[in-house]
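> What follows is my_file_12.csv; its format and atoms are CSV, C-alpha atoms.
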chain,number,residue,atom,x,y,z
A,1,MET,CA,-23.5,31.1,19.4
A,2,MET,CA,-25.8,28.2,20.3
A,3,ASP,CA,-26.2,26.3,23.5
A,4,GLY,CA,-24.2,23.2,22.7
A,5,LEU,CA,-26.7,20.8,24.2
A,6,ALA,CA,-29.6,22.4,22.2
A,7,ALA,CA,-27.6,22.0,19.0
A,8,LEU,CA,-26.7,18.4,19.7
A,9,ARG,CA,-30.3,17.6,20.7
A,10,LEU,CA,-31.4,18.8,17.3
A,11,LEU,CA,-28.8,16.8,15.6
A,12,SER,CA,-29.7,13.7,17.5
A,13,SER,CA,-33.3,14.1,16.5
A,14,ARG,CA,-32.3,13.5,12.9
A,15,ARG,CA,-30.4,10.3,13.6
A,16,THR,CA,-31.5,6.8,12.5
A,17,ASN,CA,-28.6,4.3,12.6
A,18,GLU,CA,-25.6,6.5,12.2
A,19,ILE,CA,-22.5,5.5,14.2
A,20,VAL,CA,-21.3,8.4,16.2
A,21,PHE,CA,-17.8,9.1,17.4
A,22,THR,CA,-17.4,11.6,20.2
A,23,THR,CA,-14.4,12.9,22.0
A,24,MET,CA,-13.3,15.2,24.9
A,25,SER,CA,-16.2,17.5,26.0
A,26,THR,CA,-18.6,16.2,23.3
A,27,ILE,CA,-18.5,12.8,25.1
A,28,SER,CA,-20.5,14.2,28.0
A,29,ASP,CA,-22.7,16.5,25.9
A,30,TRP,CA,-23.7,13.9,23.3
A,31,SER,CA,-24.4,11.3,26.0
A,32,GLN,CA,-27.1,13.6,27.4
A,33,VAL,CA,-29.0,13.8,24.1
A,34,SER,CA,-28.2,10.5,22.3
A,35,THR,CA,-31.1,8.2,21.8
A,36,ARG,CA,-28.9,5.4,20.4
A,37,PRO,CA,-26.0,5.1,23.0
A,38,GLU,CA,-25.3,1.6,21.8
A,39,LEU,CA,-24.0,3.1,18.5
A,40,ASP,CA,-21.9,5.8,20.2
A,41,ILE,CA,-18.2,5.5,20.5
A,42,ALA,CA,-16.5,7.8,23.1
A,43,ILE,CA,-12.9,8.3,22.2
A,44,ILE,CA,-11.4,9.3,25.4
A,45,ARG,CA,-7.8,9.6,24.0
A,46,PRO,CA,-5.9,10.3,21.9
A,47,MET,CA,-7.3,13.7,21.1
A,48,GLY,CA,-7.8,14.9,17.6
A,49,LYS,CA,-8.3,11.6,15.8
A,50,ASN,CA,-12.1,11.4,15.4
A,51,SER,CA,-12.1,12.6,11.8
A,52,SER,CA,-9.7,9.9,10.9
A,53,MET,CA,-11.5,7.1,12.8
A,54,GLY,CA,-14.7,8.2,11.2
A,55,LEU,CA,-13.0,8.1,7.8
A,56,GLY,CA,-11.8,4.6,8.3
A,57,LEU,CA,-15.2,3.3,9.3
A,58,ALA,CA,-16.9,5.2,6.5
A,59,LEU,CA,-14.5,3.6,4.0
A,60,ALA,CA,-15.1,0.1,5.5
A,61,ARG,CA,-18.9,0.4,5.5
A,62,PRO,CA,-20.1,2.7,2.7
A,63,ASP,CA,-23.7,1.5,3.5
A,64,GLU,CA,-23.6,2.9,7.0
A,65,GLY,CA,-23.7,6.6,8.1
A,66,VAL,CA,-20.8,7.8,10.2
A,67,TRP,CA,-20.9,11.0,12.2
A,68,ALA,CA,-17.6,12.1,13.8
A,69,ILE,CA,-18.0,14.9,16.3
A,70,ASP,CA,-14.9,16.9,16.9
A,71,GLY,CA,-14.1,20.0,18.9
A,72,ASP,CA,-12.2,22.8,17.1
A,73,GLY,CA,-9.2,22.2,19.4
A,74,SER,CA,-9.3,18.5,18.4
A,75,LEU,CA,-9.6,19.2,14.6
A,76,LEU,CA,-6.7,21.7,14.7
A,77,MET,CA,-4.5,18.8,15.9
A,78,ASN,CA,-5.3,16.8,12.8
A,79,LEU,CA,-6.1,19.4,10.2
A,80,GLY,CA,-4.5,17.4,7.5
A,81,SER,CA,-7.3,14.9,7.8
A,82,LEU,CA,-9.6,17.4,6.0
A,83,VAL,CA,-7.3,17.0,3.0
A,84,THR,CA,-7.2,13.2,3.4
A,85,ILE,CA,-11.0,13.0,3.6
A,86,GLY,CA,-11.4,15.6,0.8
A,87,ALA,CA,-9.3,13.4,-1.5
A,88,LEU,CA,-11.1,10.2,-0.7
A,89,GLN,CA,-14.7,11.6,-0.8
A,90,PRO,CA,-16.5,9.1,1.5
A,91,LYS,CA,-20.2,9.5,0.7
A,92,ASN,CA,-21.4,8.5,4.2
A,93,LEU,CA,-19.3,10.7,6.5
A,94,VAL,CA,-20.3,13.8,8.4
A,95,LEU,CA,-17.7,15.6,10.4
A,96,VAL,CA,-19.6,17.6,13.0
A,97,LEU,CA,-17.4,20.4,14.2
A,98,TYR,CA,-18.4,21.5,17.7
A,99,ARG,CA,-16.8,24.9,17.6
A,100,ASN,CA,-16.6,26.7,20.9
A,101,GLY,CA,-13.2,28.4,20.4
A,102,THR,CA,-11.8,27.0,23.6
A,103,TYR,CA,-10.1,24.0,25.2
A,104,ASP,CA,-13.0,23.4,27.7
A,105,THR,CA,-11.2,20.3,29.1
A,106,THR,CA,-8.1,22.2,30.2
A,107,GLY,CA,-9.9,25.2,31.6
A,108,GLY,CA,-11.2,27.3,28.7
A,109,GLN,CA,-8.1,28.6,27.1
A,110,PRO,CA,-8.7,29.9,23.6
A,111,VAL,CA,-7.7,27.7,20.6
A,112,PRO,CA,-5.2,29.2,18.1
A,113,GLY,CA,-6.8,31.4,15.5
A,114,LEU,CA,-9.9,32.0,17.6
A,115,GLY,CA,-12.5,33.7,15.5
A,116,ASN,CA,-10.2,33.9,12.4
A,117,VAL,CA,-10.3,30.4,11.1
A,118,ASP,CA,-12.9,29.6,8.5
A,119,PHE,CA,-13.1,25.8,8.7
A,120,ALA,CA,-15.7,25.6,6.0
A,121,ALA,CA,-13.5,27.4,3.6
A,122,ILE,CA,-10.6,25.1,4.5
A,123,GLY,CA,-12.9,22.1,3.9
A,124,ARG,CA,-14.1,23.4,0.5
A,125,GLY,CA,-10.6,24.2,-0.4
A,126,ALA,CA,-9.6,20.6,0.4
A,127,GLY,CA,-12.3,19.2,-1.9
A,128,TRP,CA,-15.2,18.7,0.5
A,129,PRO,CA,-18.3,19.2,-1.6
A,130,SER,CA,-20.4,20.4,1.3
A,131,ALA,CA,-19.7,22.6,4.3
A,132,VAL,CA,-22.5,24.1,6.3
A,133,ASP,CA,-22.4,26.4,9.4
A,134,PHE,CA,-25.1,27.0,12.0
A,135,HIS,CA,-24.8,29.9,14.4
A,136,ASP,CA,-28.2,29.8,16.1
A,137,VAL,CA,-30.8,27.1,17.0
A,138,ALA,CA,-33.6,28.6,14.9
A,139,ALA,CA,-31.6,28.5,11.8
A,140,MET,CA,-30.4,25.0,12.6
A,141,GLU,CA,-33.9,23.8,13.2
A,142,SER,CA,-35.1,25.1,9.8
A,143,GLY,CA,-32.0,24.2,7.9
A,144,LEU,CA,-30.7,20.9,9.3
A,145,ASP,CA,-32.7,18.6,7.1
A,146,GLU,CA,-31.5,20.2,4.0
A,147,ALA,CA,-28.0,20.4,5.3
A,148,LEU,CA,-27.9,16.6,5.9
A,149,HIS,CA,-29.2,15.8,2.4
A,150,VAL,CA,-26.3,17.2,0.4
A,151,ASP,CA,-23.4,15.7,-1.4
A,152,TYR,CA,-21.1,14.0,1.2
A,153,PRO,CA,-18.6,14.3,2.9
A,154,LEU,CA,-20.2,17.0,4.8
A,155,LEU,CA,-18.5,19.4,7.2
A,156,LEU,CA,-21.1,20.6,9.6
A,157,THR,CA,-19.9,23.3,11.9
A,158,LEU,CA,-22.0,24.1,15.0
A,159,HIS,CA,-21.0,27.4,16.6
A,160,VAL,CA,-21.6,26.8,20.3
A,161,ALA,CA,-20.8,28.5,23.6
A,162,PRO,CA,-18.0,27.2,25.8
A,163,ALA,CA,-19.4,25.3,28.7
A,164,GLY,CA,-16.6,24.6,31.1
A,165,ARG,CA,-14.9,21.4,32.0
A,166,ARG,CA,-17.0,18.1,31.8
A,167,SER,CA,-16.2,14.7,33.1
A,168,PHE,CA,-15.0,11.7,31.0
A,169,PRO,CA,-15.7,8.0,31.2
A,170,GLU,CA,-13.0,5.7,32.4
A,171,LEU,CA,-10.0,5.4,30.1
A,172,THR,CA,-10.6,1.7,29.8
A,173,SER,CA,-14.0,2.2,28.3
A,174,THR,CA,-13.1,2.9,24.7
A,175,PRO,CA,-12.2,-0.7,23.7
A,176,LYS,CA,-15.6,-1.7,25.0
A,177,TYR,CA,-17.4,0.9,23.0
A,178,ILE,CA,-15.5,-0.2,19.9
A,179,ARG,CA,-16.2,-3.9,20.4
A,180,ARG,CA,-19.9,-3.1,20.9
A,181,VAL,CA,-20.2,-1.3,17.6
A,182,GLN,CA,-18.0,-3.8,15.9
A,183,ASP,CA,-20.4,-6.6,17.0
A,184,TYR,CA,-23.4,-4.5,15.9
A,185,LEU,CA,-21.9,-3.9,12.4
A,186,SER,CA,-20.8,-7.5,12.0
A,187,LYS,CA,-24.5,-8.6,12.4
A,188,ARG,CA,-25.7,-6.1,9.8
A,189,PRO,CA,-25.1,-7.5,6.3
A,190,VAL,CA,-23.5,-5.0,4.0
A,191,ALA,CA,-26.2,-3.4,2.0
A,192,GLU,CA,-25.8,-3.1,-1.7
A,193,GLN,CA,-27.2,0.4,-1.6
A,194,PRO,CA,-24.9,3.2,-0.4
A,195,TYR,CA,-25.8,5.2,2.7
A,196,ARG,CA,-28.7,7.6,2.5
A,197,PRO,CA,-29.5,9.9,5.5
A,198,GLY,CA,-32.8,8.9,7.2
A,199,ARG,CA,-32.8,5.3,6.0
A,200,ASP,CA,-33.3,2.6,8.6
B,1,MET,CA,30.4,-19.8,-6.0
B,2,ALA,CA,29.1,-16.4,-7.1
B,3,GLU,CA,27.3,-14.5,-4.4
B,4,VAL,CA,23.6,-14.0,-5.1
B,5,ALA,CA,22.6,-10.4,-4.8
B,6,SER,CA,19.7,-9.9,-2.4
B,7,SER,CA,16.7,-7.9,-3.2
B,8,LEU,CA,13.2,-7.1,-2.0
B,9,ARG,CA,10.7,-7.1,-4.7
B,10,ALA,CA,7.6,-5.0,-4.1
B,11,GLU,CA,5.4,-7.6,-6.0
B,12,GLY,CA,6.6,-10.3,-3.6
B,13,VAL,CA,5.5,-8.2,-0.6
B,14,VAL,CA,2.1,-7.4,-2.2
B,15,ASP,CA,1.6,-11.1,-2.9
B,16,GLU,CA,2.2,-11.8,0.8
B,17,LEU,CA,-0.3,-9.1,1.8
B,18,LYS,CA,-2.9,-10.7,-0.6
B,19,LYS,CA,-2.3,-14.1,1.1
B,20,CYS,CA,-3.1,-12.4,4.4
B,21,GLY,CA,-6.3,-11.0,3.1
B,22,VAL,CA,-5.3,-7.4,3.5
B,23,THR,CA,-7.9,-5.1,2.1
B,24,HIS,CA,-6.4,-1.6,2.7
B,25,VAL,CA,-2.9,-0.2,2.8
B,26,VAL,CA,-2.9,3.0,4.8
B,27,TRP,CA,0.2,4.8,3.9
B,28,LEU,CA,2.5,7.8,3.5
B,29,PRO,CA,5.2,7.2,1.0
B,30,ASP,CA,8.8,7.3,2.0
B,31,THR,CA,12.0,7.7,0.0
B,32,GLU,CA,12.3,3.9,-0.6
B,33,SER,CA,8.8,3.0,-1.6
B,34,LYS,CA,8.1,4.1,-5.1
B,35,TYR,CA,8.0,0.5,-6.5
B,36,MET,CA,5.7,-0.5,-3.6
B,37,TYR,CA,3.3,2.3,-4.6
B,38,ASP,CA,3.2,1.1,-8.1
B,39,ALA,CA,2.7,-2.6,-7.1
B,40,ILE,CA,-0.2,-1.8,-4.8
B,41,GLN,CA,-1.8,0.5,-7.4
B,42,ALA,CA,-1.6,-2.5,-9.8
B,43,GLU,CA,-3.4,-4.8,-7.3
B,44,PRO,CA,-7.2,-4.4,-7.6
B,45,GLY,CA,-7.9,-6.3,-4.4
B,46,ILE,CA,-6.1,-3.8,-2.2
B,47,THR,CA,-7.2,-0.2,-1.7
B,48,LEU,CA,-4.5,2.4,-1.1
B,49,VAL,CA,-5.4,5.0,1.5
B,50,PRO,CA,-3.0,7.9,1.2
B,51,ILE,CA,-2.7,10.1,4.3
B,52,CYS,CA,-1.2,13.5,4.9
B,53,ARG,CA,0.6,12.7,8.2
B,54,GLU,CA,1.4,9.4,9.7
B,55,GLY,CA,-0.6,10.0,12.9
B,56,GLU,CA,-3.8,9.7,10.9
B,57,GLY,CA,-2.9,6.2,10.1
B,58,PRO,CA,-3.7,4.2,13.3
B,59,ALA,CA,-7.0,6.0,13.6
B,60,ILE,CA,-8.0,5.2,10.0
B,61,CYS,CA,-6.9,1.6,10.6
B,62,LEU,CA,-9.1,1.4,13.7
B,63,GLY,CA,-12.1,2.5,11.7
B,64,LEU,CA,-11.4,0.0,9.0
B,65,LEU,CA,-11.0,-2.8,11.5
B,66,MET,CA,-14.3,-1.8,13.2
B,67,GLY,CA,-16.0,-2.1,9.8
B,68,GLY,CA,-14.6,-5.6,9.2
B,69,LYS,CA,-11.7,-4.8,6.9
B,70,SER,CA,-8.1,-5.9,7.2
B,71,PRO,CA,-5.8,-2.9,6.9
B,72,VAL,CA,-2.0,-2.6,7.3
B,73,LEU,CA,-0.1,0.6,8.0
B,74,LEU,CA,2.8,1.4,5.8
B,75,ILE,CA,5.0,4.2,6.9
B,76,GLN,CA,8.7,5.1,7.5
B,77,ASN,CA,10.3,5.0,10.9
B,78,THR,CA,10.3,8.8,10.9
B,79,GLY,CA,6.6,8.7,10.6
B,80,PHE,CA,6.5,6.1,13.3
B,81,PHE,CA,8.0,8.6,15.6
B,82,GLU,CA,5.6,11.3,14.5
B,83,SER,CA,2.6,9.1,15.1
B,84,GLY,CA,3.8,8.1,18.6
B,85,ASP,CA,0.7,9.3,20.5
B,86,ALA,CA,-1.7,7.7,18.0
B,87,ILE,CA,0.2,4.4,18.2
B,88,ARG,CA,0.2,4.6,22.0
B,89,GLY,CA,-3.4,5.7,22.4
B,90,ILE,CA,-5.0,3.7,19.6
B,91,CYS,CA,-2.8,0.6,18.8
B,92,LEU,CA,-1.6,-0.1,22.3
B,93,ASP,CA,-4.4,1.2,24.6
B,94,MET,CA,-7.1,-0.2,22.4
B,95,ASP,CA,-5.4,-3.6,21.7
B,96,LEU,CA,-5.4,-3.1,18.0
B,97,PRO,CA,-4.4,-6.1,16.0
B,98,LEU,CA,-2.5,-4.1,13.4
B,99,LEU,CA,0.5,-4.9,11.2
B,100,MET,CA,2.7,-1.9,10.8
B,101,MET,CA,5.2,-2.1,8.0
B,102,ILE,CA,7.9,0.5,8.8
B,103,GLY,CA,10.6,1.6,6.5
B,104,TYR,CA,13.8,1.3,8.4
B,105,ARG,CA,15.6,4.5,7.3
B,106,GLY,CA,19.2,4.5,8.5
B,107,TYR,CA,19.4,0.7,8.9
B,108,GLU,CA,22.9,-0.8,8.5
B,109,PRO,CA,22.7,-4.4,7.3
B,110,SER,CA,26.4,-4.8,7.9
B,111,GLY,CA,25.8,-4.3,11.7
B,112,LYS,CA,27.8,-1.1,11.8
B,113,PRO,CA,26.6,1.6,14.2
B,114,MET,CA,23.8,3.5,12.6
B,115,ILE,CA,24.6,7.1,11.9
B,116,ASP,CA,21.0,8.2,11.2
B,117,SER,CA,19.2,8.6,14.5
B,118,ALA,CA,16.0,7.5,12.8
B,119,GLY,CA,17.5,4.1,12.4
B,120,ALA,CA,19.3,4.0,15.8
B,121,PHE,CA,16.1,4.8,17.8
B,122,THR,CA,13.7,2.5,15.9
B,123,GLU,CA,14.3,-0.8,17.6
B,124,PRO,CA,14.8,0.7,21.1
B,125,MET,CA,11.5,2.5,20.7
B,126,LEU,CA,9.6,-0.6,19.6
B,127,LYS,CA,11.1,-2.5,22.5
B,128,THR,CA,10.2,0.2,25.0
B,129,TRP,CA,6.6,0.1,23.8
B,130,GLY,CA,6.5,-3.7,23.8
B,131,ILE,CA,5.7,-3.9,20.1
B,132,PRO,CA,7.1,-7.2,18.6
B,133,TYR,CA,9.0,-6.7,15.4
B,134,HIS,CA,10.6,-8.6,12.6
B,135,LEU,CA,13.1,-7.6,10.0
B,136,VAL,CA,12.4,-8.0,6.3
B,137,ASP,CA,15.3,-7.0,3.9
B,138,ASP,CA,15.3,-9.8,1.4
B,139,ASP,CA,12.8,-11.7,-0.8
B,140,SER,CA,13.4,-14.8,1.3
B,141,HIS,CA,12.0,-12.9,4.3
B,142,THR,CA,8.6,-12.0,2.9
B,143,PRO,CA,6.8,-14.9,4.7
B,144,ARG,CA,7.7,-13.0,7.9
B,145,ILE,CA,5.0,-10.5,6.9
B,146,GLY,CA,2.3,-13.1,7.0
B,147,GLN,CA,3.7,-14.4,10.3
B,148,ALA,CA,3.6,-10.9,11.8
B,149,PHE,CA,0.1,-10.3,10.5
B,150,ALA,CA,-1.1,-13.6,12.1
B,151,GLU,CA,0.8,-12.7,15.3
B,152,ALA,CA,-1.0,-9.3,15.5
B,153,ARG,CA,-4.3,-11.1,15.2
B,154,GLU,CA,-3.5,-13.8,17.7
B,155,LYS,CA,-2.3,-11.4,20.3
B,156,SER,CA,-4.7,-8.6,19.5
B,157,HIS,CA,-1.7,-6.3,19.6
B,158,PRO,CA,0.3,-4.2,17.1
B,159,VAL,CA,3.2,-6.0,15.5
B,160,ALA,CA,5.9,-4.3,13.3
B,161,VAL,CA,7.8,-5.4,10.3
B,162,LEU,CA,10.9,-3.4,9.6
B,163,ILE,CA,11.6,-3.0,5.9
B,164,GLY,CA,15.4,-2.8,5.8
B,165,ARG,CA,15.9,-2.4,2.1
B,166,GLU,CA,14.5,-0.3,-0.7
B,167,TYR,CA,11.8,-2.1,-2.6
B,168,GLN,CA,12.6,-3.1,-6.2
Please express what this file holds, its structure, as structure tokens.


Amino acid sequence: MMDGLAALRLLSSRRTNEIVFTTMSTISDWSQVSTRPELDIAIIRPMGKNSSMGLGLALARPDEGVWAIDGDGSLLMNLGSLVTIGALQPKNLVLVLYRNGTYDTTGGQPVPGLGNVDFAAIGRGAGWPSAVDFHDVAAMESGLDEALHVDYPLLLTLHVAPAGRRSFPELTSTPKYIRRVQDYLSKRPVAEQPYRPGRD
Amino acid sequence: MAEVASSLRAEGVVDELKKCGVTHVVWLPDTESKYMYDAIQAEPGITLVPICREGEGPAICLGLLMGGKSPVLLIQNTGFFESGDAIRGICLDMDLPLLMMIGYRGYEPSGKPMIDSAGAFTEPMLKTWGIPYHLVDDDSHTPRIGQAFAEAREKSHPVAVLIGREYQ
């Protein structure tokens, strides 16, 4: 298992203009490594909807990259979204599964199916063309670029260690994050070319 | 004078959605919406986004709105109950200007007490959550859809239209 911050720092280093949704514990972790906080949206509640929010934005703006970071506890609450996304095939969406096997926010209880669930297999079985797992930082360092340049949607699973309870922003913050990104997108004309990783 | 049978044509509803500039219909079919599905599929200007469970719907609509699109959510009242936390946490807490078209299963146009609890709890639930709603169960009511759409935009708040009749 990787240190979560190390894994997210690596991921962040490959970001250009991608819009990033975070939720629950990943809000705190991503905020420590993000170099584009103005393009981050912290979804404080409801839990489990990041994959769906990311899908909606990806459909609306196929020219922009969307990374939705979800914990395994969150994704398990909305597992059907893997089928919905697999059917719609957005070519600009990465679902980053921050898999630590626990509900960090509520005290570290194990999620159902701990260790037995193969999310990548579920994704592939639901029509996702690409699903990549990273278990250690060295492998992620060497394989991440290739992983990000595959046929999307991409289910990118980061196997990370539990890290205990982290703090959240204020509940009222989410609409502000949303408006900020909405304003940003409204000022960026829709490009004729579809999204491509690494493009400004 | 012969009584004119009332109806609710799916094409009329879709025409109203087009007038509103709706770009996406995020939906899960219910028992009464086969003709609606066919009508939306036949409309090239509106993209259908099928979902597995209704709770995905508000989140997808949020993303679409962020990206400058104009979605509506089309579900049954049973799905409205299922998606309760998503409606609360997304539509209400985030001030989402979203039109929700909700199939009114169990509705009794005669005014008789509703036997189906899905129908009986629909309006009380909307009232409890402070979501304005309007009934559409006849072709003559379809302008209410446009009014509800505009109301959601003006108030930056979810507004419901209850579809009280099977589409034809």

> Select all residues from chain A having any atom no more than 8 Å from an atom of chain B (counting all atoms listed in the file, ignoring ligands), output as number ranges by chain.

A: 45-46, 49-50, 52-61, 78, 80-81, 83-84, 174-175, 178-179, 181-182, 185-186

> Which polymer residues have any atom within 8 Å of an atom of Val13 (chain B), counting only C-alpha atoms, with same-chain residues fewer than 4 positions away left out, as an NGL selection string?

:B and (8-9 or 17 or 142 or 145)

> List as JSON, numbers by chain the protein and nucleic acid residues near region 104-111 of chain B, meaning an atom at most 9 Å away when all atoms listed in the file are counted, but skip any in the same chain fewer than 2 places from it.

{"B": [31, 32, 76, 77, 78, 102, 113, 114, 115, 116, 117, 118, 119, 120, 122, 137, 162, 163, 164, 165]}

> If you measure from CA of Ser25 (chain A) to CA of Leu10 (chain A), what distance in Å do you get, rounded to one decimal?

17.6 Å

> Taking only C-alpha atoms into account, which of A:Val96, A:Ala191, A:Val66, A:Ala87 comes nearest Thr26 (chain A)?

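Checking each candidate against Thr26 (chain A), we get A:Val96 as the closest.
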
> Just how far from CA of Tyr167 (chain B) is CA of Leu88 (chain A), in Å to one decimal?

26.1 Å

> Copy region 33-72 of chain B out of the block into a file, keeping C-alpha atoms, as a compact mmCIF listing (two decimals), in the first residue's frame.


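Generated output (selection15.txt):
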# COMPACT_ATOMS: atom_id res chain seq x y z
CA SER B 33 -42.93 6.57 -19.72
CA LYS B 34 -42.38 4.34 -22.75
CA TYR B 35 -43.73 6.93 -25.17
CA MET B 36 -41.65 9.61 -23.51
CA TYR B 37 -38.53 7.56 -24.13
CA ASP B 38 -39.43 7.16 -27.78
CA ALA B 39 -40.15 10.88 -28.14
CA ILE B 40 -36.87 11.95 -26.58
CA GLN B 41 -34.94 9.43 -28.64
CA ALA B 42 -36.49 10.97 -31.75
CA GLU B 43 -35.37 14.47 -30.76
CA PRO B 44 -31.81 15.10 -31.90
CA GLY B 45 -31.42 18.27 -29.83
CA ILE B 46 -31.88 16.49 -26.52
CA THR B 47 -29.47 13.91 -25.16
CA LEU B 48 -30.84 11.13 -23.03
CA VAL B 49 -28.67 10.15 -20.06
CA PRO B 50 -29.89 6.81 -18.69
CA ILE B 51 -28.97 6.07 -15.09
CA CYS B 52 -28.99 2.90 -12.99
CA ARG B 53 -30.49 4.43 -9.85
CA GLU B 54 -32.19 7.75 -9.34
CA GLY B 55 -29.68 9.03 -6.78
CA GLU B 56 -27.13 9.42 -9.56
CA GLY B 57 -29.42 11.90 -11.27
CA PRO B 58 -28.99 15.09 -9.22
CA ALA B 59 -25.20 14.62 -9.24
CA ILE B 60 -25.07 14.20 -13.02
CA CYS B 61 -27.34 17.23 -13.43
CA LEU B 62 -25.00 19.27 -11.22
CA GLY B 63 -22.05 18.37 -13.45
CA LEU B 64 -24.01 19.21 -16.57
CA LEU B 65 -25.06 22.58 -15.15
CA MET B 66 -21.47 23.34 -14.18
CA GLY B 67 -20.47 22.74 -17.76
CA GLY B 68 -23.10 25.12 -19.12
CA LYS B 69 -25.80 22.64 -20.13
CA SER B 70 -29.50 22.65 -19.28
CA PRO B 71 -30.57 19.29 -17.90
CA VAL B 72 -33.85 18.11 -16.46
